[in-house]
Structures are given as structure tokens and as C-alpha cells.
$ cat my_file_20.cif   # mmCIF, N, CA and C atoms
data_start
loop_
_atom_site.label_atom_id
_atom_site.label_comp_id
_atom_site.auth_asym_id
_atom_site.auth_seq_id
_atom_site.Cartn_x
_atom_site.Cartn_y
_atom_site.Cartn_z
N MET F 28 -43.06 11.97 5.57
CA MET F 28 -42.88 11.26 4.32
C MET F 28 -41.61 11.78 3.66
N GLU F 29 -40.85 10.89 3.08
CA GLU F 29 -39.62 11.24 2.39
C GLU F 29 -39.90 11.45 0.91
N VAL F 30 -38.96 12.08 0.26
CA VAL F 30 -39.08 12.37 -1.17
C VAL F 30 -39.10 11.06 -1.96
N ASN F 31 -38.27 10.10 -1.56
CA ASN F 31 -38.24 8.82 -2.29
C ASN F 31 -39.57 8.09 -2.20
N THR F 32 -40.19 8.14 -1.04
CA THR F 32 -41.51 7.51 -0.87
C THR F 32 -42.54 8.20 -1.74
N ALA F 33 -42.50 9.51 -1.75
CA ALA F 33 -43.43 10.28 -2.58
C ALA F 33 -43.18 10.00 -4.06
N ALA F 34 -41.91 9.90 -4.45
CA ALA F 34 -41.58 9.60 -5.85
C ALA F 34 -42.13 8.24 -6.24
N GLU F 35 -42.02 7.29 -5.32
CA GLU F 35 -42.56 5.95 -5.59
C GLU F 35 -44.07 6.00 -5.77
N ILE F 36 -44.76 6.78 -4.93
CA ILE F 36 -46.22 6.90 -5.02
C ILE F 36 -46.62 7.55 -6.34
N VAL F 37 -45.93 8.63 -6.71
CA VAL F 37 -46.26 9.34 -7.96
C VAL F 37 -46.01 8.44 -9.16
N LEU F 38 -44.85 7.78 -9.20
CA LEU F 38 -44.52 6.92 -10.33
C LEU F 38 -45.51 5.77 -10.44
N ARG F 39 -45.89 5.18 -9.31
CA ARG F 39 -46.86 4.09 -9.35
C ARG F 39 -48.21 4.59 -9.88
N ALA F 40 -48.61 5.80 -9.47
CA ALA F 40 -49.90 6.36 -9.94
C ALA F 40 -49.86 6.60 -11.45
N VAL F 41 -48.77 7.14 -11.94
CA VAL F 41 -48.66 7.40 -13.39
C VAL F 41 -48.62 6.08 -14.15
N HIS F 42 -47.90 5.11 -13.63
CA HIS F 42 -47.79 3.81 -14.31
C HIS F 42 -49.12 3.07 -14.32
N ASP F 43 -49.86 3.16 -13.22
CA ASP F 43 -51.12 2.42 -13.12
C ASP F 43 -52.26 3.06 -13.91
N ASP F 44 -52.10 4.32 -14.30
CA ASP F 44 -53.14 4.98 -15.09
C ASP F 44 -53.21 4.35 -16.48
N ILE F 45 -54.42 4.21 -17.02
CA ILE F 45 -54.61 3.58 -18.33
C ILE F 45 -53.86 4.35 -19.42
N ASN F 46 -53.92 5.66 -19.39
CA ASN F 46 -53.27 6.48 -20.41
C ASN F 46 -51.79 6.72 -20.12
N GLY F 47 -51.33 6.34 -18.97
CA GLY F 47 -49.94 6.57 -18.60
C GLY F 47 -49.65 8.02 -18.28
N SER F 48 -50.69 8.75 -17.84
CA SER F 48 -50.49 10.15 -17.47
C SER F 48 -51.49 10.52 -16.38
N ILE F 49 -51.12 11.53 -15.60
CA ILE F 49 -52.02 12.04 -14.56
C ILE F 49 -51.97 13.56 -14.59
N VAL F 50 -53.02 14.15 -14.03
CA VAL F 50 -53.04 15.59 -13.80
C VAL F 50 -52.47 15.77 -12.40
N PHE F 51 -51.29 16.38 -12.33
CA PHE F 51 -50.53 16.41 -11.07
C PHE F 51 -51.27 17.16 -9.98
N SER F 52 -51.90 18.28 -10.30
CA SER F 52 -52.58 19.06 -9.27
C SER F 52 -53.74 18.26 -8.66
N GLU F 53 -54.48 17.52 -9.48
CA GLU F 53 -55.57 16.69 -8.97
C GLU F 53 -55.01 15.54 -8.12
N PHE F 54 -53.91 14.96 -8.56
CA PHE F 54 -53.28 13.88 -7.80
C PHE F 54 -52.86 14.36 -6.42
N VAL F 55 -52.17 15.51 -6.37
CA VAL F 55 -51.71 16.05 -5.09
C VAL F 55 -52.90 16.42 -4.21
N ALA F 56 -53.94 17.01 -4.80
CA ALA F 56 -55.13 17.38 -4.02
C ALA F 56 -55.76 16.14 -3.40
N HIS F 57 -55.77 15.03 -4.15
CA HIS F 57 -56.33 13.78 -3.61
C HIS F 57 -55.44 13.23 -2.49
N GLN F 58 -54.11 13.35 -2.63
CA GLN F 58 -53.18 12.80 -1.65
C GLN F 58 -53.18 13.58 -0.33
N ILE F 59 -53.41 14.90 -0.40
CA ILE F 59 -53.32 15.72 0.81
C ILE F 59 -54.68 15.95 1.46
N GLN F 60 -55.69 15.31 0.94
CA GLN F 60 -57.04 15.47 1.46
C GLN F 60 -57.11 14.98 2.91
N GLY F 61 -57.64 15.79 3.79
CA GLY F 61 -57.84 15.40 5.18
C GLY F 61 -56.74 15.83 6.13
N TYR F 62 -55.70 16.48 5.64
CA TYR F 62 -54.61 16.95 6.51
C TYR F 62 -54.83 18.41 6.88
N ASP F 63 -54.19 18.86 7.97
CA ASP F 63 -54.30 20.28 8.33
C ASP F 63 -53.44 21.12 7.37
N SER F 64 -53.55 22.44 7.47
CA SER F 64 -52.93 23.32 6.48
C SER F 64 -51.40 23.22 6.48
N ARG F 65 -50.79 23.10 7.63
CA ARG F 65 -49.32 23.02 7.69
C ARG F 65 -48.82 21.73 7.05
N THR F 66 -49.44 20.63 7.37
CA THR F 66 -49.06 19.35 6.79
C THR F 66 -49.33 19.34 5.29
N THR F 67 -50.43 19.99 4.88
CA THR F 67 -50.76 20.08 3.46
C THR F 67 -49.65 20.77 2.69
N VAL F 68 -49.15 21.88 3.21
CA VAL F 68 -48.08 22.62 2.54
C VAL F 68 -46.81 21.77 2.48
N ASP F 69 -46.49 21.08 3.57
CA ASP F 69 -45.31 20.21 3.59
C ASP F 69 -45.43 19.10 2.56
N LEU F 70 -46.60 18.45 2.51
CA LEU F 70 -46.81 17.36 1.55
C LEU F 70 -46.76 17.85 0.11
N GLN F 71 -47.31 19.04 -0.15
CA GLN F 71 -47.24 19.59 -1.50
C GLN F 71 -45.78 19.79 -1.92
N GLY F 72 -44.97 20.31 -1.01
CA GLY F 72 -43.55 20.51 -1.30
C GLY F 72 -42.84 19.20 -1.56
N ILE F 73 -43.15 18.19 -0.76
CA ILE F 73 -42.52 16.88 -0.94
C ILE F 73 -42.91 16.27 -2.28
N TYR F 74 -44.19 16.36 -2.64
CA TYR F 74 -44.64 15.80 -3.91
C TYR F 74 -44.03 16.55 -5.09
N LYS F 75 -43.85 17.86 -4.96
CA LYS F 75 -43.22 18.63 -6.05
C LYS F 75 -41.75 18.24 -6.20
N LYS F 76 -41.06 18.04 -5.07
CA LYS F 76 -39.67 17.58 -5.13
C LYS F 76 -39.60 16.20 -5.76
N ALA F 77 -40.54 15.34 -5.39
CA ALA F 77 -40.57 13.98 -5.94
C ALA F 77 -40.79 14.03 -7.45
N LEU F 78 -41.65 14.92 -7.90
CA LEU F 78 -41.90 15.06 -9.33
C LEU F 78 -40.63 15.52 -10.04
N LEU F 79 -39.92 16.47 -9.45
CA LEU F 79 -38.66 16.93 -10.06
C LEU F 79 -37.63 15.80 -10.13
N VAL F 80 -37.58 14.98 -9.09
CA VAL F 80 -36.66 13.83 -9.10
C VAL F 80 -37.03 12.88 -10.23
N LEU F 81 -38.30 12.59 -10.38
CA LEU F 81 -38.75 11.67 -11.44
C LEU F 81 -38.46 12.23 -12.83
N ILE F 82 -38.65 13.52 -13.00
CA ILE F 82 -38.38 14.14 -14.30
C ILE F 82 -36.88 14.14 -14.58
N ASP F 83 -36.07 14.45 -13.57
CA ASP F 83 -34.61 14.45 -13.75
C ASP F 83 -34.08 13.06 -14.09
N GLU F 84 -34.66 12.04 -13.51
CA GLU F 84 -34.21 10.67 -13.76
C GLU F 84 -34.74 10.13 -15.09
N GLY F 85 -35.69 10.81 -15.69
CA GLY F 85 -36.24 10.35 -16.96
C GLY F 85 -37.35 9.34 -16.80
N LEU F 86 -37.87 9.19 -15.59
CA LEU F 86 -38.95 8.24 -15.35
C LEU F 86 -40.29 8.82 -15.79
N CYS F 87 -40.44 10.13 -15.70
CA CYS F 87 -41.65 10.83 -16.11
C CYS F 87 -41.25 12.08 -16.89
N HIS F 88 -42.21 12.63 -17.61
CA HIS F 88 -41.99 13.92 -18.26
C HIS F 88 -43.31 14.68 -18.33
N ARG F 89 -43.19 15.96 -18.55
CA ARG F 89 -44.40 16.79 -18.62
C ARG F 89 -45.09 16.56 -19.95
N GLY F 90 -46.42 16.64 -19.92
CA GLY F 90 -47.22 16.43 -21.13
C GLY F 90 -47.48 17.72 -21.87
N MET F 91 -48.67 17.80 -22.48
CA MET F 91 -49.04 18.97 -23.27
C MET F 91 -49.04 20.24 -22.44
N THR F 92 -49.50 20.13 -21.22
CA THR F 92 -49.46 21.27 -20.31
C THR F 92 -48.53 20.91 -19.15
N ALA F 93 -48.16 21.91 -18.38
CA ALA F 93 -47.22 21.68 -17.28
C ALA F 93 -47.83 20.83 -16.17
N ASP F 94 -49.16 20.75 -16.12
CA ASP F 94 -49.82 20.02 -15.05
C ASP F 94 -49.99 18.54 -15.36
N ILE F 95 -49.84 18.15 -16.62
CA ILE F 95 -49.99 16.75 -17.00
C ILE F 95 -48.63 16.07 -16.94
N ILE F 96 -48.58 14.97 -16.23
CA ILE F 96 -47.35 14.20 -16.08
C ILE F 96 -47.54 12.87 -16.79
N GLU F 97 -46.59 12.55 -17.70
CA GLU F 97 -46.68 11.31 -18.46
C GLU F 97 -45.52 10.40 -18.10
N LEU F 98 -45.73 9.13 -18.31
CA LEU F 98 -44.73 8.12 -18.01
C LEU F 98 -43.62 8.17 -19.06
N GLY F 99 -42.37 8.20 -18.61
CA GLY F 99 -41.23 8.20 -19.51
C GLY F 99 -40.79 6.78 -19.83
N GLN F 100 -39.82 6.66 -20.75
CA GLN F 100 -39.36 5.33 -21.17
C GLN F 100 -38.72 4.56 -20.01
N LYS F 101 -37.94 5.24 -19.20
CA LYS F 101 -37.32 4.57 -18.05
C LYS F 101 -38.39 4.10 -17.06
N GLY F 102 -39.48 4.86 -16.93
CA GLY F 102 -40.58 4.47 -16.06
C GLY F 102 -41.27 3.22 -16.57
N ILE F 103 -41.36 3.11 -17.88
CA ILE F 103 -41.95 1.91 -18.49
C ILE F 103 -41.02 0.72 -18.27
N ASP F 104 -39.72 0.94 -18.47
CA ASP F 104 -38.75 -0.15 -18.34
C ASP F 104 -38.72 -0.73 -16.93
N CYS F 105 -38.88 0.11 -15.92
CA CYS F 105 -38.83 -0.39 -14.53
C CYS F 105 -40.22 -0.74 -14.01
N ASP F 106 -41.22 -0.77 -14.88
CA ASP F 106 -42.60 -1.14 -14.52
C ASP F 106 -43.18 -0.27 -13.42
N GLY F 107 -42.78 0.97 -13.36
CA GLY F 107 -43.32 1.90 -12.37
C GLY F 107 -42.83 1.63 -10.96
N ASN F 108 -41.79 0.83 -10.81
CA ASN F 108 -41.25 0.49 -9.49
C ASN F 108 -40.02 1.35 -9.24
N TYR F 109 -40.17 2.38 -8.43
CA TYR F 109 -39.07 3.31 -8.18
C TYR F 109 -37.93 2.66 -7.41
N ARG F 110 -38.25 1.79 -6.47
CA ARG F 110 -37.20 1.11 -5.69
C ARG F 110 -36.32 0.26 -6.60
N LYS F 111 -36.96 -0.44 -7.53
CA LYS F 111 -36.22 -1.27 -8.48
C LYS F 111 -35.28 -0.39 -9.32
N TYR F 112 -35.78 0.76 -9.75
CA TYR F 112 -34.96 1.67 -10.54
C TYR F 112 -33.78 2.19 -9.72
N VAL F 113 -34.02 2.55 -8.46
CA VAL F 113 -32.96 3.07 -7.61
C VAL F 113 -31.89 2.01 -7.37
N LYS F 114 -32.31 0.76 -7.14
CA LYS F 114 -31.35 -0.33 -6.94
C LYS F 114 -30.48 -0.52 -8.18
N LYS F 115 -31.09 -0.52 -9.35
CA LYS F 115 -30.33 -0.67 -10.59
C LYS F 115 -29.38 0.51 -10.80
N ARG F 116 -29.85 1.71 -10.51
CA ARG F 116 -29.02 2.90 -10.66
C ARG F 116 -27.83 2.85 -9.72
N ASP F 117 -28.08 2.46 -8.47
CA ASP F 117 -26.99 2.38 -7.50
C ASP F 117 -25.97 1.31 -7.89
N ALA F 118 -26.46 0.17 -8.36
CA ALA F 118 -25.55 -0.89 -8.80
C ALA F 118 -24.73 -0.43 -10.00
N ARG F 119 -25.36 0.26 -10.93
CA ARG F 119 -24.66 0.77 -12.11
C ARG F 119 -23.60 1.78 -11.69
N ASN F 120 -23.92 2.66 -10.76
CA ASN F 120 -22.96 3.66 -10.28
C ASN F 120 -21.79 2.99 -9.56
N LEU F 121 -22.09 1.96 -8.77
CA LEU F 121 -21.03 1.24 -8.06
C LEU F 121 -20.08 0.56 -9.05
N LEU F 122 -20.64 -0.10 -10.07
CA LEU F 122 -19.81 -0.75 -11.07
C LEU F 122 -18.97 0.27 -11.83
N GLU F 123 -19.52 1.42 -12.09
CA GLU F 123 -18.77 2.48 -12.78
C GLU F 123 -17.60 2.96 -11.92
N ARG F 124 -17.82 3.13 -10.64
CA ARG F 124 -16.74 3.54 -9.73
C ARG F 124 -15.65 2.47 -9.67
N ILE F 125 -16.07 1.22 -9.57
CA ILE F 125 -15.11 0.12 -9.53
C ILE F 125 -14.30 0.08 -10.82
N ARG F 126 -14.96 0.31 -11.95
CA ARG F 126 -14.27 0.30 -13.24
C ARG F 126 -13.22 1.40 -13.29
N ARG F 127 -13.49 2.51 -12.66
CA ARG F 127 -12.53 3.62 -12.65
C ARG F 127 -11.38 3.38 -11.69
N ILE F 128 -11.64 2.72 -10.57
CA ILE F 128 -10.62 2.52 -9.54
C ILE F 128 -9.76 1.28 -9.81
N LEU F 129 -10.30 0.28 -10.46
CA LEU F 129 -9.61 -0.99 -10.65
C LEU F 129 -8.23 -0.85 -11.30
N PRO F 130 -8.02 -0.01 -12.31
CA PRO F 130 -6.67 0.10 -12.88
C PRO F 130 -5.62 0.56 -11.87
N ILE F 131 -6.01 1.35 -10.90
CA ILE F 131 -5.06 1.80 -9.88
C ILE F 131 -4.59 0.60 -9.05
N PHE F 132 -5.52 -0.24 -8.63
CA PHE F 132 -5.15 -1.43 -7.86
C PHE F 132 -4.32 -2.40 -8.70
N THR F 133 -4.67 -2.54 -9.97
CA THR F 133 -3.91 -3.41 -10.85
C THR F 133 -2.48 -2.92 -10.99
N PHE F 134 -2.31 -1.62 -11.15
CA PHE F 134 -0.97 -1.04 -11.25
C PHE F 134 -0.19 -1.28 -9.95
N ALA F 135 -0.85 -1.08 -8.81
CA ALA F 135 -0.18 -1.28 -7.53
C ALA F 135 0.26 -2.74 -7.37
N LEU F 136 -0.59 -3.69 -7.74
CA LEU F 136 -0.22 -5.10 -7.64
C LEU F 136 0.95 -5.43 -8.58
N ALA F 137 0.92 -4.89 -9.79
CA ALA F 137 2.01 -5.13 -10.72
C ALA F 137 3.31 -4.54 -10.19
N ALA F 138 3.26 -3.34 -9.63
CA ALA F 138 4.45 -2.70 -9.06
C ALA F 138 5.00 -3.52 -7.90
N ILE F 139 4.13 -4.01 -7.04
CA ILE F 139 4.57 -4.85 -5.92
C ILE F 139 5.19 -6.14 -6.44
N GLY F 140 4.60 -6.72 -7.47
CA GLY F 140 5.15 -7.95 -8.07
C GLY F 140 6.55 -7.70 -8.64
N PHE F 141 6.72 -6.59 -9.37
CA PHE F 141 8.04 -6.27 -9.90
C PHE F 141 9.04 -6.03 -8.78
N TYR F 142 8.62 -5.37 -7.71
CA TYR F 142 9.52 -5.10 -6.59
C TYR F 142 9.96 -6.40 -5.92
N ILE F 143 9.03 -7.31 -5.72
CA ILE F 143 9.37 -8.60 -5.11
C ILE F 143 10.34 -9.36 -6.01
N THR F 144 10.09 -9.37 -7.31
CA THR F 144 11.00 -10.04 -8.24
C THR F 144 12.39 -9.41 -8.20
N TYR F 145 12.43 -8.09 -8.15
CA TYR F 145 13.71 -7.39 -8.08
C TYR F 145 14.46 -7.75 -6.80
N MET F 146 13.75 -7.79 -5.68
CA MET F 146 14.39 -8.12 -4.41
C MET F 146 14.94 -9.55 -4.42
N LYS F 147 14.19 -10.48 -5.00
CA LYS F 147 14.66 -11.87 -5.09
C LYS F 147 15.91 -11.94 -5.96
N LYS F 148 15.88 -11.25 -7.07
CA LYS F 148 17.01 -11.26 -8.00
C LYS F 148 18.27 -10.70 -7.35
N THR F 149 18.14 -9.55 -6.70
CA THR F 149 19.32 -8.96 -6.04
C THR F 149 19.80 -9.83 -4.88
N SER F 150 18.89 -10.46 -4.18
CA SER F 150 19.26 -11.35 -3.08
C SER F 150 20.04 -12.54 -3.62
N ASN F 151 19.56 -13.11 -4.73
CA ASN F 151 20.26 -14.26 -5.33
C ASN F 151 21.65 -13.85 -5.82
N GLU F 152 21.75 -12.66 -6.41
CA GLU F 152 23.05 -12.18 -6.87
C GLU F 152 24.00 -11.98 -5.70
N ARG F 153 23.53 -11.45 -4.62
CA ARG F 153 24.36 -11.25 -3.43
C ARG F 153 24.85 -12.60 -2.87
N GLN F 154 23.93 -13.57 -2.85
CA GLN F 154 24.31 -14.89 -2.35
C GLN F 154 25.37 -15.52 -3.25
N LYS F 155 25.24 -15.37 -4.57
CA LYS F 155 26.23 -15.93 -5.49
C LYS F 155 27.58 -15.26 -5.29
N LYS F 156 27.58 -13.91 -5.16
CA LYS F 156 28.83 -13.19 -4.93
C LYS F 156 29.47 -13.62 -3.61
N ALA F 157 28.64 -13.80 -2.60
CA ALA F 157 29.16 -14.22 -1.30
C ALA F 157 29.77 -15.61 -1.39
N LYS F 158 29.16 -16.52 -2.15
CA LYS F 158 29.69 -17.87 -2.32
C LYS F 158 31.02 -17.82 -3.07
N VAL F 159 31.08 -17.01 -4.12
CA VAL F 159 32.31 -16.89 -4.88
C VAL F 159 33.43 -16.34 -4.01
N GLU F 160 33.13 -15.32 -3.23
CA GLU F 160 34.13 -14.75 -2.32
C GLU F 160 34.57 -15.78 -1.28
N GLN F 161 33.64 -16.56 -0.77
CA GLN F 161 33.97 -17.59 0.21
C GLN F 161 34.86 -18.66 -0.41
N HIS F 162 34.54 -19.05 -1.66
CA HIS F 162 35.36 -20.05 -2.35
C HIS F 162 36.77 -19.52 -2.58
N LYS F 163 36.86 -18.22 -2.94
CA LYS F 163 38.18 -17.62 -3.13
C LYS F 163 38.97 -17.65 -1.84
N LYS F 164 38.35 -17.26 -0.76
CA LYS F 164 39.03 -17.27 0.54
C LYS F 164 39.45 -18.68 0.93
N ASP F 165 38.54 -19.66 0.71
CA ASP F 165 38.86 -21.05 1.04
C ASP F 165 40.01 -21.57 0.19
N SER F 166 39.98 -21.27 -1.09
CA SER F 166 41.05 -21.76 -1.97
C SER F 166 42.38 -21.10 -1.64
N ILE F 167 42.36 -19.80 -1.31
CA ILE F 167 43.58 -19.11 -0.91
C ILE F 167 44.10 -19.70 0.39
N ALA F 168 43.21 -20.00 1.32
CA ALA F 168 43.60 -20.57 2.60
C ALA F 168 44.18 -21.96 2.39
N GLN F 169 43.61 -22.78 1.51
CA GLN F 169 44.12 -24.11 1.25
C GLN F 169 45.49 -24.04 0.55
N HIS F 170 45.59 -23.09 -0.35
CA HIS F 170 46.83 -22.92 -1.08
C HIS F 170 47.95 -22.50 -0.14
N ASN F 171 47.63 -21.59 0.81
CA ASN F 171 48.62 -21.14 1.77
C ASN F 171 49.00 -22.28 2.73
N ARG F 172 48.09 -23.16 3.07
CA ARG F 172 48.39 -24.30 3.94
C ARG F 172 49.29 -25.29 3.24
N GLY F 173 49.06 -25.41 1.97
CA GLY F 173 49.85 -26.36 1.20
C GLY F 173 51.29 -25.90 1.04
N ARG F 174 51.62 -24.65 1.10
CA ARG F 174 52.97 -24.11 0.94
C ARG F 174 53.80 -24.29 2.20
N ARG F 175 53.20 -24.40 3.32
CA ARG F 175 53.95 -24.49 4.58
C ARG F 175 54.60 -25.79 4.75
#

$ encode --input "my_file_20.cif" --output "C-alpha cells"
Amino acid sequence: MEVNTAAEIVLRAVHDDINGSIVFSEFVAHQIQGYDSRTTVDLQGIYKKALLVLIDEGLCHRGMTADIIELGQKGIDCDGNYRKYVKKRDARNLLERIRRILPIFTFALAAIGFYITYMKKTSNERQKKAKVEQHKKDSIAQHNRGRR
């Protein structure tokens, strides 16, 4: 079992409770019932990690005693659905990263646009100078032909 799966199970249990709270030790004892001792220890560790994840995310918080776990505001907002919360969190983080990176791309596009404009301008100026020089040469050549 993964921590995310355990977090989903714990959050669903807290959300489905009428009072919005559970006694964590009783919950874990019920979940690990029927397993051998090694698996029991592993599952207890996974459920404790899942509880820490839920508390860190603000989905649950400790009650009057350390053993009572109550539903937090974020847990209420996501209706006890941990997957839904994770999807929203990931989307929010992605949008935040894009918001931070987007000005760099905008600057790069603007710089490329200015460079292209500059290249066109200098190219046009070179062509005009070349035409003027060609006209000068042609007029000098015609003038010299006319003198002979």
C-alpha cells in the first residue's frame, strides 16, 4: 500500500464520520486487523505517514488529544476526496510554474521580433545604398559615353 492510498482511506474515514473526527489508534487497529506482525508494523508506519501528509496539507488536524483526528477546512472543501485534492494541487502548482516562466518566453519572443525587424531594416538600407551606387556608376558611364 502506498502513502497516497492510505491518505485517501484516512481522509475518507474522517469525512464519512458523523462528527468529522476519528480516534486514529482505533482506526489503525481496525485497518491492520488480520495481518501478520511484520505487515502490521509496515501498515502502521504507512498510516502514520499518511496522517502526517494530511495534516501538512491542511486536510485534517489533531483534536483535543493527539489521538483524535478531525477534518480540516480543505478536507471539507474537497469532500474527503484526496485524489481530487491532489489533482487540484498539481494543477495549481503547474499554473504557478507557467506564470513564473512565461515572462522569459515573452521576452525571448520580443527580442527575436526586434532582431528580425533590425535585420530587415539593415537589409533594406543596404539595398538602397547599392541601388544609389549602381545609379551613380550608370550615370557616370553614360556621361563618359556621351563625351566620346

$ resolve_selection --input "my_file_20.cif" --expression "the PyMOL selection byres ((chain F and resi 76-90) around 7)" --output "list in words"
Val30, Asn31, Ala33, Ala34, Glu35, Gln71, Gly72, Ile73, Tyr74, Lys75, Met91, Thr92, Ala93, Asp94, Ile95, Ile96, Glu97, Leu98, Gly99, Gln100, Lys101, Gly102 and Ile103 of chain F

$ closest_residue --input "my_file_20.cif" --among "F:Met28, F:Ala168, F:Ile45, F:Ile128" --to "Leu70 (chain F)" --atoms "only C-alpha atoms"
F:Met28

$ resolve_selection --input "my_file_20.cif" --expression "the PyMOL selection byres (((chain F and resi 43 and name CA) around 12) and name CA)" --output "tab-separated table (two decimals) with N, CA and C atoms, keeping the file's coordinate frame"
chain	number	residue	atom	x	y	z
F	35	GLU	N	-42.02	7.29	-5.32
F	35	GLU	CA	-42.56	5.95	-5.59
F	35	GLU	C	-44.07	6.00	-5.77
F	36	ILE	N	-44.76	6.78	-4.93
F	36	ILE	CA	-46.22	6.90	-5.02
F	36	ILE	C	-46.62	7.55	-6.34
F	37	VAL	N	-45.93	8.63	-6.71
F	37	VAL	CA	-46.26	9.34	-7.96
F	37	VAL	C	-46.01	8.44	-9.16
F	38	LEU	N	-44.85	7.78	-9.20
F	38	LEU	CA	-44.52	6.92	-10.33
F	38	LEU	C	-45.51	5.77	-10.44
F	39	ARG	N	-45.89	5.18	-9.31
F	39	ARG	CA	-46.86	4.09	-9.35
F	39	ARG	C	-48.21	4.59	-9.88
F	40	ALA	N	-48.61	5.80	-9.47
F	40	ALA	CA	-49.90	6.36	-9.94
F	40	ALA	C	-49.86	6.60	-11.45
F	41	VAL	N	-48.77	7.14	-11.94
F	41	VAL	CA	-48.66	7.40	-13.39
F	41	VAL	C	-48.62	6.08	-14.15
F	42	HIS	N	-47.90	5.11	-13.63
F	42	HIS	CA	-47.79	3.81	-14.31
F	42	HIS	C	-49.12	3.07	-14.32
F	44	ASP	N	-52.10	4.32	-14.30
F	44	ASP	CA	-53.14	4.98	-15.09
F	44	ASP	C	-53.21	4.35	-16.48
F	45	ILE	N	-54.42	4.21	-17.02
F	45	ILE	CA	-54.61	3.58	-18.33
F	45	ILE	C	-53.86	4.35	-19.42
F	46	ASN	N	-53.92	5.66	-19.39
F	46	ASN	CA	-53.27	6.48	-20.41
F	46	ASN	C	-51.79	6.72	-20.12
F	47	GLY	N	-51.33	6.34	-18.97
F	47	GLY	CA	-49.94	6.57	-18.60
F	47	GLY	C	-49.65	8.02	-18.28
F	48	SER	N	-50.69	8.75	-17.84
F	48	SER	CA	-50.49	10.15	-17.47
F	48	SER	C	-51.49	10.52	-16.38
F	49	ILE	N	-51.12	11.53	-15.60
F	49	ILE	CA	-52.02	12.04	-14.56
F	49	ILE	C	-51.97	13.56	-14.59
F	97	GLU	N	-46.59	12.55	-17.70
F	97	GLU	CA	-46.68	11.31	-18.46
F	97	GLU	C	-45.52	10.40	-18.10
F	98	LEU	N	-45.73	9.13	-18.31
F	98	LEU	CA	-44.73	8.12	-18.01
F	98	LEU	C	-43.62	8.17	-19.06
F	102	GLY	N	-39.48	4.86	-16.93
F	102	GLY	CA	-40.58	4.47	-16.06
F	102	GLY	C	-41.27	3.22	-16.57
F	103	ILE	N	-41.36	3.11	-17.88
F	103	ILE	CA	-41.95	1.91	-18.49
F	103	ILE	C	-41.02	0.72	-18.27
F	106	ASP	N	-41.22	-0.77	-14.88
F	106	ASP	CA	-42.60	-1.14	-14.52
F	106	ASP	C	-43.18	-0.27	-13.42
F	107	GLY	N	-42.78	0.97	-13.36
F	107	GLY	CA	-43.32	1.90	-12.37
F	107	GLY	C	-42.83	1.63	-10.96
F	108	ASN	N	-41.79	0.83	-10.81
F	108	ASN	CA	-41.25	0.49	-9.49
F	108	ASN	C	-40.02	1.35	-9.24

$ atom_distance --input "my_file_20.cif" --atom1 "atom C of Asp69 (chain F)" --atom2 "atom N of Glu53 (chain F)"
15.1 Å

$ select_by_dssp --input "my_file_20.cif" --residues "chain F" --states "helix (DSSP H, G or I)" --output "JSON, numbers by chain"
{"F": [30, 31, 32, 33, 34, 35, 36, 37, 38, 39, 40, 41, 42, 43, 51, 52, 53, 54, 55, 56, 57, 58, 64, 65, 66, 67, 68, 69, 70, 71, 72, 73, 74, 75, 76, 77, 78, 79, 80, 81, 82, 83, 84, 100, 101, 102, 103, 104, 109, 110, 111, 112, 113, 114, 115, 116, 117, 118, 119, 120, 121, 122, 123, 124, 125, 126, 127, 128, 129, 130, 131, 132, 133, 134, 135, 136, 137, 138, 139, 140, 141, 142, 143, 144, 145, 146, 147, 148, 149, 150, 151, 152, 153, 154, 155, 156, 157, 158, 159, 160, 161, 162, 163, 164, 165, 166, 167, 168, 169, 170, 171, 172, 173, 174]}

$ axis_aligned_box --input "my_file_20.cif" --around "region 162-166 of chain F" --padding-each-side "6 Å" --output "AutoDock Vina command-line options"
--center_x 38.5 --center_y -19.5 --center_z -1.0 --size_x 19.8 --size_y 16.5 --size_z 16.2

$ select_by_dssp --input "my_file_20.cif" --residues "region 29-168 of chain F" --states "strand (DSSP E or B)" --output "list in words"
Ser48, Ile49, Val50, Cys87, His88, Arg89, Ile95, Ile96, Glu97 and Leu98 of chain F

$ write_last_selection --input "my_file_20.cif" --atoms "N, CA and C atoms" --output "CSV table (one decimal), in the coordinates of the input"
chain,number,residue,atom,x,y,z
F,48,SER,N,-50.7,8.8,-17.8
F,48,SER,CA,-50.5,10.2,-17.5
F,48,SER,C,-51.5,10.5,-16.4
F,49,ILE,N,-51.1,11.5,-15.6
F,49,ILE,CA,-52.0,12.0,-14.6
F,49,ILE,C,-52.0,13.6,-14.6
F,50,VAL,N,-53.0,14.2,-14.0
F,50,VAL,CA,-53.0,15.6,-13.8
F,50,VAL,C,-52.5,15.8,-12.4
F,87,CYS,N,-40.4,10.1,-15.7
F,87,CYS,CA,-41.6,10.8,-16.1
F,87,CYS,C,-41.2,12.1,-16.9
F,88,HIS,N,-42.2,12.6,-17.6
F,88,HIS,CA,-42.0,13.9,-18.3
F,88,HIS,C,-43.3,14.7,-18.3
F,89,ARG,N,-43.2,16.0,-18.6
F,89,ARG,CA,-44.4,16.8,-18.6
F,89,ARG,C,-45.1,16.6,-20.0
F,95,ILE,N,-49.8,18.2,-16.6
F,95,ILE,CA,-50.0,16.8,-17.0
F,95,ILE,C,-48.6,16.1,-16.9
F,96,ILE,N,-48.6,15.0,-16.2
F,96,ILE,CA,-47.4,14.2,-16.1
F,96,ILE,C,-47.5,12.9,-16.8
F,97,GLU,N,-46.6,12.6,-17.7
F,97,GLU,CA,-46.7,11.3,-18.5
F,97,GLU,C,-45.5,10.4,-18.1
F,98,LEU,N,-45.7,9.1,-18.3
F,98,LEU,CA,-44.7,8.1,-18.0
F,98,LEU,C,-43.6,8.2,-19.1

$ atom_distance --input "my_file_20.cif" --atom1 "atom N of Glu29 (chain F)" --atom2 "atom N of Ile59 (chain F)"
13.6 Å

$ atom_distance --input "my_file_20.cif" --atom1 "atom C of Gln58 (chain F)" --atom2 "atom C of Lys115 (chain F)"
29.1 Å
